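To start, the structure under review is shown below, and the notes come after it.
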2 protein chains.
Amino acid sequence: MTLPAENHRTHEAAGLTRRLADFVERTRWADVPAVVRHEAKRSLVNYFAVALAGCSDPAIDKAVSVYDRFRAGDDAGVIGRRERTDILNGAALNAMSANVFDFDDTHLPTIIHPTAPVAAALFALAEARQLSGEALLLAFVVGVEVECRIGNAVSPEHYQRGWHITSTCGVFGAAAAVAKAVGLDAQHIVWALGNASAQASGLVETLGTMSKSISVGNAARNGLLSALLAADGFSGPDAPLEGERGFLRVTAQRPDFSAISEGPGREWALLSNTYKPYPCGVVLNPVIDACLDLRRDARWRFDEIERVELTGHPLLRERTDRPGIRSGRESQVSAQHAVAVTLARGKASLAEFSDAAVTDPSLRAFASRLRFIDDASWPVESAQVTIVLHSGERVSRRVQAARGSLAAPPGDVELAAKLRELAAYGRSGVDPQALLDVLWQLDHEPDSAAPMRAARRVA
Amino acid sequence: MTLPAENHRTHEAAGLTRRLADFVERTRWADVPAVVRHEAKRSLVNYFAVALAGCSDPAIDKAVSVYDRFRAGDDAGVIGRRERTDILNGAALNAMSANVFDFDDTHLPTIIHPTAPVAAALFALAEARQLSGEALLLAFVVGVEVECRIGNAVSPEHYQRGWHITSTCGVFGAAAAVAKAVGLDAQHIVWALGNASAQASGLVETLGTMSKSISVGNAARNGLLSALLAADGFSGPDAPLEGERGFLRVTAQRPDFSAISEGPGREWALLSNTYKPYPCGVVLNPVIDACLDLRRDARWRFDEIERVELTGHPLLRERTDRPGIRSGRESQVSAQHAVAVTLARGKASLAEFSDAAVTDPSLRAFASRLRFIDDASWPVESAQVTIVLHSGERVSRRVQAARGSLAAPPGDVELAAKLRELAAYGRSGVDPQALLDVLWQLDHEPDSAAPMRAARRVA
């Protein structure tokens, strides 16, 4: 008998979109706790950091060139680049750029990269109409909340099945954020979410290809468009989320409606947001931590290493045992490459996981020297790396909670350092300190487009 | 043991997208049988007919107004309207307009409305670059084939689950058609389909609302964009359709890969395409046929009718027993309204299924006079209508195969009449005969944009 459960779920489902829209309409800046406000700014610092690196990627170059043929204005900038475009294109291109390396933030319960779609839509809007920093931050907090709550309701099945959850849920977040920023009432917010529901797309199959960027860009662009259409009275269904043929039931067998309905305004998705220290699969975080540690105190040379033993949860081996890689993108999920490059260079940033880095013969030769030791009792955020030298000497480092996990989040100083480093990587000539200054003070900034001006390419 | 079946399916799946792309690349006009060529032109006549009616719908007015703010050029026209726009917007708005009343064509095995996304993308392209009528028709045939084969592979589960199949499969058809029209090779066609896979969206929940039009418009727009991106080297996955996390497996539990792989070039989807004679749910077709027949020979007045008995498959009652309707859209699936308005007025076109028509008190009062008689032995394309007069006299008409079914397709003359009637309904001032002349001769027309010029609003 599943009837009681079904009834319970039907009860939870009734009016779900409308209740979420009510939350979006009525939430004020005063309702947002200080720790959430600050996390919003940290997310934006990380967003501009990754966008400043991504903006020079070949996928972004190609997208900018094709989208430029359909440029209806020059209100919007592209972070770290010279081009100007209209706000729909701007939203798309900046979201693409921030996500192209998968180096952006991660909402742990869903693995949504929440900021790219929402922030890109909001900053594009901010370049076209007056919006205070406080208003943008409030809309951002609310948009991320909508995006991640919808993601929670369909997780883990949705992503496992093959939906690129950042894209599919991002369009709702962007729509809700823009709807908030332009001051729509609850009925119009429901329509904005309905217009977004017609545009939710993105497949895991496209990961590792340029196609992925289209859906991430669309999440921002189409979320923005959904809200602008709703503002003009373009109406949608009453129950785009919870309806019989709505987003939740169509993209998950057993959606958890309570993940949306329970706790908005009390629990905040941004407090489960994390920031990658390295441009790699998150299971490699403790491995790279340990290698950086080993290298910092090294009394050995890289060519003295006989072999390396890697102890961790079996998931570590299953996800990252990739010896024969050929591209920078593959290297981001290869333990062989991550260990070799980090021990050899003492760094683990984008340059170490690039197409150029994987061609280094000494790193390629190293692949056969790695041994995995599975131990299912280890949490995934921990690992141990043991170096065995030709001399027989053994040196070990064990990491309990990797940098970038919720237990060891980066400090503000580290996030700022990430922005400085990635700004340099992208060669945009952007002054990172000026950008950081305006981002950390965004809630007191009368014009929320100020960070976009500070992130314009000047070189 | 499901392994043998699974292995069989895996075998069928291998290289599926590439094989479909090969079909798109290598098919020539000489390979297309005359009957398919002619059906393509019939589909386009029906497309312009429904777009000329839809172009004055409020949803299209609103979409044109919002999209106009993001107009990057004026290459493209909007059928039956004065506005000019860029080709991406043009593709979107014309697909919306052709589908807004669900009065467009129906590919029976999938209930895809195949022409709107594919034709709208191609005619937009044709307005921006030289493309002969023959080249457009070939690209159209191939695009519809891709769209409907993908639809066959995921049917019936895909639509039943809640995917708006015209939108989700239409984006692939538009991408394939434009890829063919611009001469991409098979590898680039695979990328175009991959770029489309990232954008496949649309929910049944949005039917009956303006939101639906967004996804139909996007199918055309984003299919066109997918091919233009691929042409510029924007690359996608190798297996966007058959991959483990590709479109087919993500949107259907048990996709039928053979529906794509078997018979392309021998079997043609366009030969299963049908054209609605009335702007209603297809199960009402035989009912309306019978009512029109009864009315033609009537020796009774509408107010002499005591009751009407409607005999047909139970599906007829289940789908259309709707006495208390309040909108034109609802009236399109109401047997009570369809019978009343057709018997009263002797017509069954858009005006009879409009918001204005449902307010007629005599039609509303008639609802209680209808009796359904279920008979599961009747095919759904048949029905019997019996009028019982106050005098006790009974008059009956039985329809075996409704107009618009594959067994009773409209002739070219009827399709032309539909275009004339809908052109008048849309009040665009377009000369229907000039448009028909160019459409029937499109394969001999050097400039395939000619029909768009003939469909420009002049009044």
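Here, A, B, ... name the chains of the structure tokens in the order displayed, residue numbers run from 1 inside each chain, and ligands are numbered from 1 in the same displayed order.
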
request  = Among the residues of range 305-392 of chain B, find those DSSP assigns to alpha helix (DSSP H) from the backbone and print them as number ranges by chain.
outcome  = B: 314-320, 328-331, 335-345, 361-366

request  = Show which residues sit within 10 Å of Leu442 in chain A, as a ChimeraX atom specification. Count only C-alpha atoms, and ignore same-chain residues fewer than 3 positions away.
outcome  = /A:41,44,132-137,436-439,445-451

With all heavy atoms retained, write the just-selected residues as a tab-separated table (two decimals), in the first residue's frame.
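What follows is the written file selection-v3.tsv:
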```tsv
chain	number	residue	atom	x	y	z
A	41	LYS	N	28.57	36.97	-0.75
A	41	LYS	CA	29.70	37.72	-1.29
A	41	LYS	C	30.88	36.80	-1.61
A	41	LYS	O	31.56	36.98	-2.63
A	41	LYS	CB	30.11	38.83	-0.32
A	41	LYS	CG	29.07	39.93	-0.22
A	41	LYS	CD	29.60	41.16	0.45
A	41	LYS	CE	29.38	41.10	1.95
A	41	LYS	NZ	29.81	42.35	2.63
A	44	LEU	N	30.27	35.19	-4.87
A	44	LEU	CA	30.51	36.10	-5.99
A	44	LEU	C	32.00	36.31	-6.23
A	44	LEU	O	32.43	36.45	-7.39
A	44	LEU	CB	29.79	37.43	-5.76
A	44	LEU	CG	28.25	37.33	-5.74
A	44	LEU	CD1	27.63	38.71	-5.53
A	44	LEU	CD2	27.72	36.71	-7.04
A	132	SER	N	20.57	48.25	-6.80
A	132	SER	CA	21.60	48.46	-5.77
A	132	SER	C	22.32	47.16	-5.47
A	132	SER	O	21.83	46.06	-5.74
A	132	SER	CB	20.96	48.99	-4.49
A	132	SER	OG	20.26	47.94	-3.83
A	133	GLY	N	23.49	47.27	-4.86
A	133	GLY	CA	24.24	46.08	-4.48
A	133	GLY	C	23.44	45.22	-3.51
A	133	GLY	O	23.43	43.98	-3.63
A	134	GLU	N	22.76	45.86	-2.58
A	134	GLU	CA	21.95	45.11	-1.63
A	134	GLU	C	20.83	44.35	-2.34
A	134	GLU	O	20.57	43.18	-2.05
A	134	GLU	CB	21.36	46.07	-0.59
A	134	GLU	CG	20.58	45.38	0.50
A	134	GLU	CD	19.97	46.40	1.48
A	134	GLU	OE1	20.75	47.13	2.11
A	134	GLU	OE2	18.73	46.45	1.59
A	135	ALA	N	20.17	45.03	-3.31
A	135	ALA	CA	19.07	44.38	-4.04
A	135	ALA	C	19.59	43.20	-4.85
A	135	ALA	O	18.94	42.15	-4.95
A	135	ALA	CB	18.38	45.40	-4.95
A	136	LEU	N	20.77	43.37	-5.45
A	136	LEU	CA	21.33	42.25	-6.22
A	136	LEU	C	21.66	41.09	-5.30
A	136	LEU	O	21.35	39.92	-5.60
A	136	LEU	CB	22.57	42.69	-7.01
A	136	LEU	CG	23.16	41.58	-7.90
A	136	LEU	CD1	23.64	42.13	-9.24
A	136	LEU	CD2	24.28	40.80	-7.21
A	137	LEU	N	22.27	41.38	-4.16
A	137	LEU	CA	22.64	40.30	-3.24
A	137	LEU	C	21.39	39.57	-2.72
A	137	LEU	O	21.39	38.34	-2.61
A	137	LEU	CB	23.45	40.87	-2.07
A	137	LEU	CG	24.92	41.15	-2.40
A	137	LEU	CD1	25.54	42.06	-1.33
A	137	LEU	CD2	25.73	39.85	-2.52
A	436	LEU	N	38.07	43.00	-6.02
A	436	LEU	CA	37.80	42.46	-4.68
A	436	LEU	C	37.22	43.53	-3.76
A	436	LEU	O	36.27	43.27	-3.00
A	436	LEU	CB	39.10	41.90	-4.08
A	436	LEU	CG	39.53	40.54	-4.64
A	436	LEU	CD1	40.99	40.25	-4.30
A	436	LEU	CD2	38.62	39.43	-4.12
A	437	ASP	N	37.75	44.72	-3.84
A	437	ASP	CA	37.27	45.80	-2.96
A	437	ASP	C	35.78	46.04	-3.18
A	437	ASP	O	35.02	46.19	-2.21
A	437	ASP	CB	38.05	47.09	-3.23
A	437	ASP	CG	39.49	47.02	-2.70
A	437	ASP	OD1	39.78	46.08	-1.90
A	437	ASP	OD2	40.31	47.87	-3.10
A	438	VAL	N	35.35	46.07	-4.43
A	438	VAL	CA	33.95	46.37	-4.70
A	438	VAL	C	33.06	45.17	-4.34
A	438	VAL	O	31.94	45.33	-3.86
A	438	VAL	CB	33.74	46.86	-6.15
A	438	VAL	CG1	33.93	45.74	-7.16
A	438	VAL	CG2	32.37	47.49	-6.32
A	439	LEU	N	33.58	43.95	-4.53
A	439	LEU	CA	32.77	42.77	-4.20
A	439	LEU	C	32.55	42.64	-2.69
A	439	LEU	O	31.42	42.38	-2.24
A	439	LEU	CB	33.43	41.50	-4.75
A	439	LEU	CG	33.29	41.29	-6.26
A	439	LEU	CD1	34.18	40.13	-6.72
A	439	LEU	CD2	31.84	41.07	-6.66
A	445	GLU	N	27.12	49.20	-1.96
A	445	GLU	CA	27.37	49.84	-3.25
A	445	GLU	C	26.02	50.23	-3.88
A	445	GLU	O	25.16	49.38	-4.04
A	445	GLU	CB	28.11	48.81	-4.12
A	445	GLU	CG	28.29	49.16	-5.57
A	445	GLU	CD	29.17	50.38	-5.78
A	445	GLU	OE1	30.29	50.41	-5.23
A	445	GLU	OE2	28.71	51.31	-6.47
A	446	PRO	N	25.84	51.51	-4.21
A	446	PRO	CA	24.54	51.88	-4.80
A	446	PRO	C	24.32	51.26	-6.18
A	446	PRO	O	23.17	51.04	-6.57
A	446	PRO	CB	24.62	53.41	-4.91
A	446	PRO	CG	26.03	53.78	-4.66
A	446	PRO	CD	26.72	52.65	-3.98
A	447	ASP	N	25.38	50.99	-6.91
A	447	ASP	CA	25.23	50.46	-8.28
A	447	ASP	C	25.85	49.07	-8.36
A	447	ASP	O	27.06	48.91	-8.35
A	447	ASP	CB	25.90	51.41	-9.27
A	447	ASP	CG	25.83	50.88	-10.70
A	447	ASP	OD1	25.16	49.84	-10.92
A	447	ASP	OD2	26.45	51.50	-11.58
A	448	SER	N	24.98	48.08	-8.49
A	448	SER	CA	25.48	46.70	-8.47
A	448	SER	C	26.20	46.30	-9.75
A	448	SER	O	26.75	45.20	-9.83
A	448	SER	CB	24.32	45.72	-8.22
A	448	SER	OG	23.36	45.83	-9.24
A	449	ALA	N	26.23	47.18	-10.74
A	449	ALA	CA	27.01	46.88	-11.94
A	449	ALA	C	28.49	47.19	-11.75
A	449	ALA	O	29.31	46.89	-12.62
A	449	ALA	CB	26.46	47.65	-13.14
A	450	ALA	N	28.83	47.79	-10.61
A	450	ALA	CA	30.23	48.18	-10.37
A	450	ALA	C	31.22	47.03	-10.56
A	450	ALA	O	32.27	47.22	-11.18
A	450	ALA	CB	30.36	48.81	-8.98
A	451	PRO	N	30.94	45.81	-10.07
A	451	PRO	CA	31.91	44.72	-10.29
A	451	PRO	C	32.11	44.40	-11.77
A	451	PRO	O	33.22	44.03	-12.17
A	451	PRO	CB	31.26	43.52	-9.56
A	451	PRO	CG	30.36	44.13	-8.54
A	451	PRO	CD	29.84	45.39	-9.17
```

Where does chain B meet chain A within 7 Å, residue by residue, with the nearest atom pair and distance in Å to one decimal for each, counting only C-alpha atoms, listed by chain and rising number, as a tab-separated table?
```
residue	atom	partner	partner_atom	distance
B:Ala59	CA	A:Phe234	CA	6.9
B:Lys62	CA	A:Phe234	CA	6.6
B:Val66	CA	A:Leu229	CA	6.5
B:Phe70	CA	A:Ala72	CA	5.0
B:Arg71	CA	A:Ala72	CA	5.0
B:Ala72	CA	A:Ala72	CA	3.9
B:Arg161	CA	A:Val250	CA	6.0
B:Gly162	CA	A:Arg245	CA	4.6
B:Gly194	CA	A:Ser211	CA	6.4
B:Asn195	CA	A:Ser211	CA	5.0
B:Ala198	CA	A:Gly202	CA	4.4
B:Gln199	CA	A:Ser201	CA	5.3
B:Ala200	CA	A:Ser201	CA	5.8
B:Ser201	CA	A:Ser201	CA	5.3
B:Gly202	CA	A:Ala198	CA	4.4
B:Leu203	CA	A:Ala198	CA	5.7
B:Val204	CA	A:Arg245	CA	5.7
B:Glu205	CA	A:Arg245	CA	4.7
B:Thr206	CA	A:Pro237	CA	5.5
B:Thr209	CA	A:Gly236	CA	5.2
B:Met210	CA	A:Ser235	CA	5.4
B:Ser211	CA	A:Gly236	CA	4.8
B:Lys212	CA	A:Ala198	CA	6.5
B:Ile214	CA	A:Ala198	CA	6.6
B:Ser215	CA	A:Ala198	CA	5.4
B:Leu229	CA	A:Val66	CA	6.5
B:Phe234	CA	A:Met210	CA	6.1
B:Ser235	CA	A:Met210	CA	5.4
B:Gly236	CA	A:Ser211	CA	4.8
B:Pro237	CA	A:Thr206	CA	5.5
B:Pro240	CA	A:Glu205	CA	6.4
B:Gly243	CA	A:Glu205	CA	6.6
B:Arg245	CA	A:Gly162	CA	4.6
B:Gly246	CA	A:Glu205	CA	5.2
B:Val250	CA	A:Gly162	CA	5.8
```

Could you write out that same residue set with N, CA and C atoms as an mmCIF file, in the first residue's frame?
```cif
data_model
loop_
_atom_site.group_PDB
_atom_site.id
_atom_site.type_symbol
_atom_site.label_atom_id
_atom_site.label_comp_id
_atom_site.auth_asym_id
_atom_site.auth_seq_id
_atom_site.Cartn_x
_atom_site.Cartn_y
_atom_site.Cartn_z
ATOM 1 N N ALA B 59 -0.522 35.593 -27.306
ATOM 2 C CA ALA B 59 0.780 35.066 -26.873
ATOM 3 C C ALA B 59 1.879 35.494 -27.850
ATOM 4 N N LYS B 62 2.717 39.246 -27.410
ATOM 5 C CA LYS B 62 3.605 39.484 -26.261
ATOM 6 C C LYS B 62 5.029 39.011 -26.563
ATOM 7 N N VAL B 66 8.489 41.322 -26.496
ATOM 8 C CA VAL B 66 9.674 41.109 -25.647
ATOM 9 C C VAL B 66 10.896 40.760 -26.497
ATOM 10 N N PHE B 70 15.401 42.364 -28.075
ATOM 11 C CA PHE B 70 16.668 41.662 -28.298
ATOM 12 C C PHE B 70 16.769 41.275 -29.769
ATOM 13 N N ARG B 71 16.595 42.287 -30.604
ATOM 14 C CA ARG B 71 16.592 42.099 -32.048
ATOM 15 C C ARG B 71 17.939 42.552 -32.591
ATOM 16 N N ALA B 72 18.689 41.601 -33.150
ATOM 17 C CA ALA B 72 20.054 41.899 -33.587
ATOM 18 C C ALA B 72 20.128 42.187 -35.085
ATOM 19 N N ARG B 161 5.093 10.576 -20.075
ATOM 20 C CA ARG B 161 5.764 11.007 -18.848
ATOM 21 C C ARG B 161 5.617 12.512 -18.636
ATOM 22 N N GLY B 162 5.513 13.260 -19.710
ATOM 23 C CA GLY B 162 5.314 14.698 -19.548
ATOM 24 C C GLY B 162 6.215 15.566 -20.404
ATOM 25 N N GLY B 194 24.610 17.234 -30.947
ATOM 26 C CA GLY B 194 25.073 17.342 -29.560
ATOM 27 C C GLY B 194 24.718 18.695 -28.956
ATOM 28 N N ASN B 195 24.915 19.752 -29.725
ATOM 29 C CA ASN B 195 24.532 21.081 -29.251
ATOM 30 C C ASN B 195 23.021 21.155 -29.035
ATOM 31 N N ALA B 198 21.833 19.459 -25.698
ATOM 32 C CA ALA B 198 21.984 20.289 -24.496
ATOM 33 C C ALA B 198 20.803 21.235 -24.309
ATOM 34 N N GLN B 199 19.945 21.329 -25.326
ATOM 35 C CA GLN B 199 18.877 22.331 -25.324
ATOM 36 C C GLN B 199 17.481 21.730 -25.458
ATOM 37 N N ALA B 200 17.375 20.410 -25.399
ATOM 38 C CA ALA B 200 16.076 19.756 -25.576
ATOM 39 C C ALA B 200 15.241 19.945 -24.313
ATOM 40 N N SER B 201 14.125 20.641 -24.441
ATOM 41 C CA SER B 201 13.281 20.925 -23.272
ATOM 42 C C SER B 201 11.845 21.136 -23.698
ATOM 43 N N GLY B 202 10.946 21.204 -22.708
ATOM 44 C CA GLY B 202 9.534 21.427 -22.970
ATOM 45 C C GLY B 202 8.672 20.438 -22.202
ATOM 46 N N LEU B 203 7.698 20.938 -21.449
ATOM 47 C CA LEU B 203 6.892 20.097 -20.574
ATOM 48 C C LEU B 203 5.413 20.149 -20.965
ATOM 49 N N VAL B 204 4.755 18.990 -20.904
ATOM 50 C CA VAL B 204 3.319 18.916 -21.168
ATOM 51 C C VAL B 204 2.545 19.788 -20.174
ATOM 52 N N GLU B 205 3.095 19.954 -18.974
ATOM 53 C CA GLU B 205 2.428 20.790 -17.967
ATOM 54 C C GLU B 205 2.145 22.199 -18.477
ATOM 55 N N THR B 206 2.944 22.666 -19.432
ATOM 56 C CA THR B 206 2.754 24.039 -19.920
ATOM 57 C C THR B 206 1.677 24.143 -21.012
ATOM 58 N N THR B 209 -1.054 27.040 -21.854
ATOM 59 C CA THR B 209 -0.554 28.331 -21.361
ATOM 60 C C THR B 209 0.433 28.900 -22.381
ATOM 61 N N MET B 210 0.752 30.189 -22.202
ATOM 62 C CA MET B 210 1.711 30.820 -23.109
ATOM 63 C C MET B 210 3.091 30.169 -23.019
ATOM 64 N N SER B 211 3.437 29.645 -21.840
ATOM 65 C CA SER B 211 4.765 29.046 -21.654
ATOM 66 C C SER B 211 5.080 27.996 -22.714
ATOM 67 N N LYS B 212 4.060 27.257 -23.133
ATOM 68 C CA LYS B 212 4.308 26.220 -24.145
ATOM 69 C C LYS B 212 4.996 26.794 -25.372
ATOM 70 N N ILE B 214 7.093 29.081 -25.665
ATOM 71 C CA ILE B 214 8.534 29.323 -25.519
ATOM 72 C C ILE B 214 9.325 28.105 -25.966
ATOM 73 N N SER B 215 8.899 26.923 -25.518
ATOM 74 C CA SER B 215 9.700 25.741 -25.845
ATOM 75 C C SER B 215 9.594 25.381 -27.320
ATOM 76 N N LEU B 229 26.573 26.989 -34.472
ATOM 77 C CA LEU B 229 27.711 26.776 -33.577
ATOM 78 C C LEU B 229 28.592 25.636 -34.100
ATOM 79 N N PHE B 234 32.175 24.506 -32.836
ATOM 80 C CA PHE B 234 31.743 24.323 -31.448
ATOM 81 C C PHE B 234 31.308 22.868 -31.314
ATOM 82 N N SER B 235 32.113 22.086 -30.609
ATOM 83 C CA SER B 235 31.996 20.626 -30.687
ATOM 84 C C SER B 235 31.206 20.043 -29.530
ATOM 85 N N GLY B 236 30.652 18.862 -29.771
ATOM 86 C CA GLY B 236 29.823 18.193 -28.773
ATOM 87 C C GLY B 236 30.245 16.758 -28.567
ATOM 88 N N PRO B 237 29.453 16.015 -27.818
ATOM 89 C CA PRO B 237 29.788 14.619 -27.537
ATOM 90 C C PRO B 237 29.612 13.741 -28.780
ATOM 91 N N PRO B 240 25.387 11.936 -28.433
ATOM 92 C CA PRO B 240 24.368 12.694 -27.702
ATOM 93 C C PRO B 240 23.033 11.970 -27.632
ATOM 94 N N GLY B 243 24.238 7.713 -26.019
ATOM 95 C CA GLY B 243 25.161 7.601 -24.894
ATOM 96 C C GLY B 243 24.453 7.232 -23.587
ATOM 97 N N ARG B 245 24.363 8.692 -20.858
ATOM 98 C CA ARG B 245 23.672 9.858 -20.306
ATOM 99 C C ARG B 245 23.182 10.760 -21.428
ATOM 100 N N GLY B 246 22.854 10.122 -22.541
ATOM 101 C CA GLY B 246 22.382 10.860 -23.709
ATOM 102 C C GLY B 246 20.867 11.005 -23.712
ATOM 103 N N VAL B 250 18.033 9.135 -21.163
ATOM 104 C CA VAL B 250 17.642 10.035 -20.073
ATOM 105 C C VAL B 250 16.139 10.319 -20.107
#
```

Mind running range 50-86 of chain A against range 99-109 of chain A at 9 Å and telling me each contacting residue's nearest atom pair with the distance in Å (one decimal), counting only C-alpha atoms, chain and number ascending, as CSV?
```
residue,atom,partner,partner_atom,distance
A:Val50,CA,A:Asp104,CA,6.0
A:Ala51,CA,A:Asn99,CA,7.4
A:Ala53,CA,A:Phe101,CA,8.6
A:Gly54,CA,A:Val100,CA,6.0
A:Cys55,CA,A:Val100,CA,8.6
A:Asp57,CA,A:Val100,CA,7.8
A:Ala59,CA,A:Val100,CA,7.9
A:Ile60,CA,A:Val100,CA,8.1
```

task = Tell me, in Å to one decimal, how far CA of Glu157 in chain A is from CA of Tyr275 in chain A.
result = 23.6 Å

query = At what distance in Å, to one decimal, does CA of Val190 in chain A lie from CA of Trp29 in chain A?
reply =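 Interatomic distance, CA of Trp29 in chain A to CA of Val190 in chain A: 21.2 Å.
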
message = Using only C-alpha atoms, can you tell me which of B:Gln336, B:Leu343, B:Val430, B:Leu271 comes closest to Val35 in chain B?
response = B:Leu271

key: strand (DSSP E or B) residues, from DSSP on the backbone, in range 186-399 of chain B, as an MDAnalysis selection string   = chainID B and resid 203 264 267 273:274 305:312 370:374 383:389 394:399

request  = Find the spatial neighbours of range 78-80 of chain A, counting only C-alpha atoms, within a cut-off of 8 Å - ignore same-chain residues fewer than 6 positions away - and output them as a ChimeraX atom specification.
outcome  = /A:48,51-52,55,90,93-94,426,428-430,452,455-457

query = CA of Phe366 in chain B to CA of Pro286 in chain B: how many Å, to one decimal?
reply =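 Interatomic distance, CA of Phe366 in chain B to CA of Pro286 in chain B: 19.6 Å.
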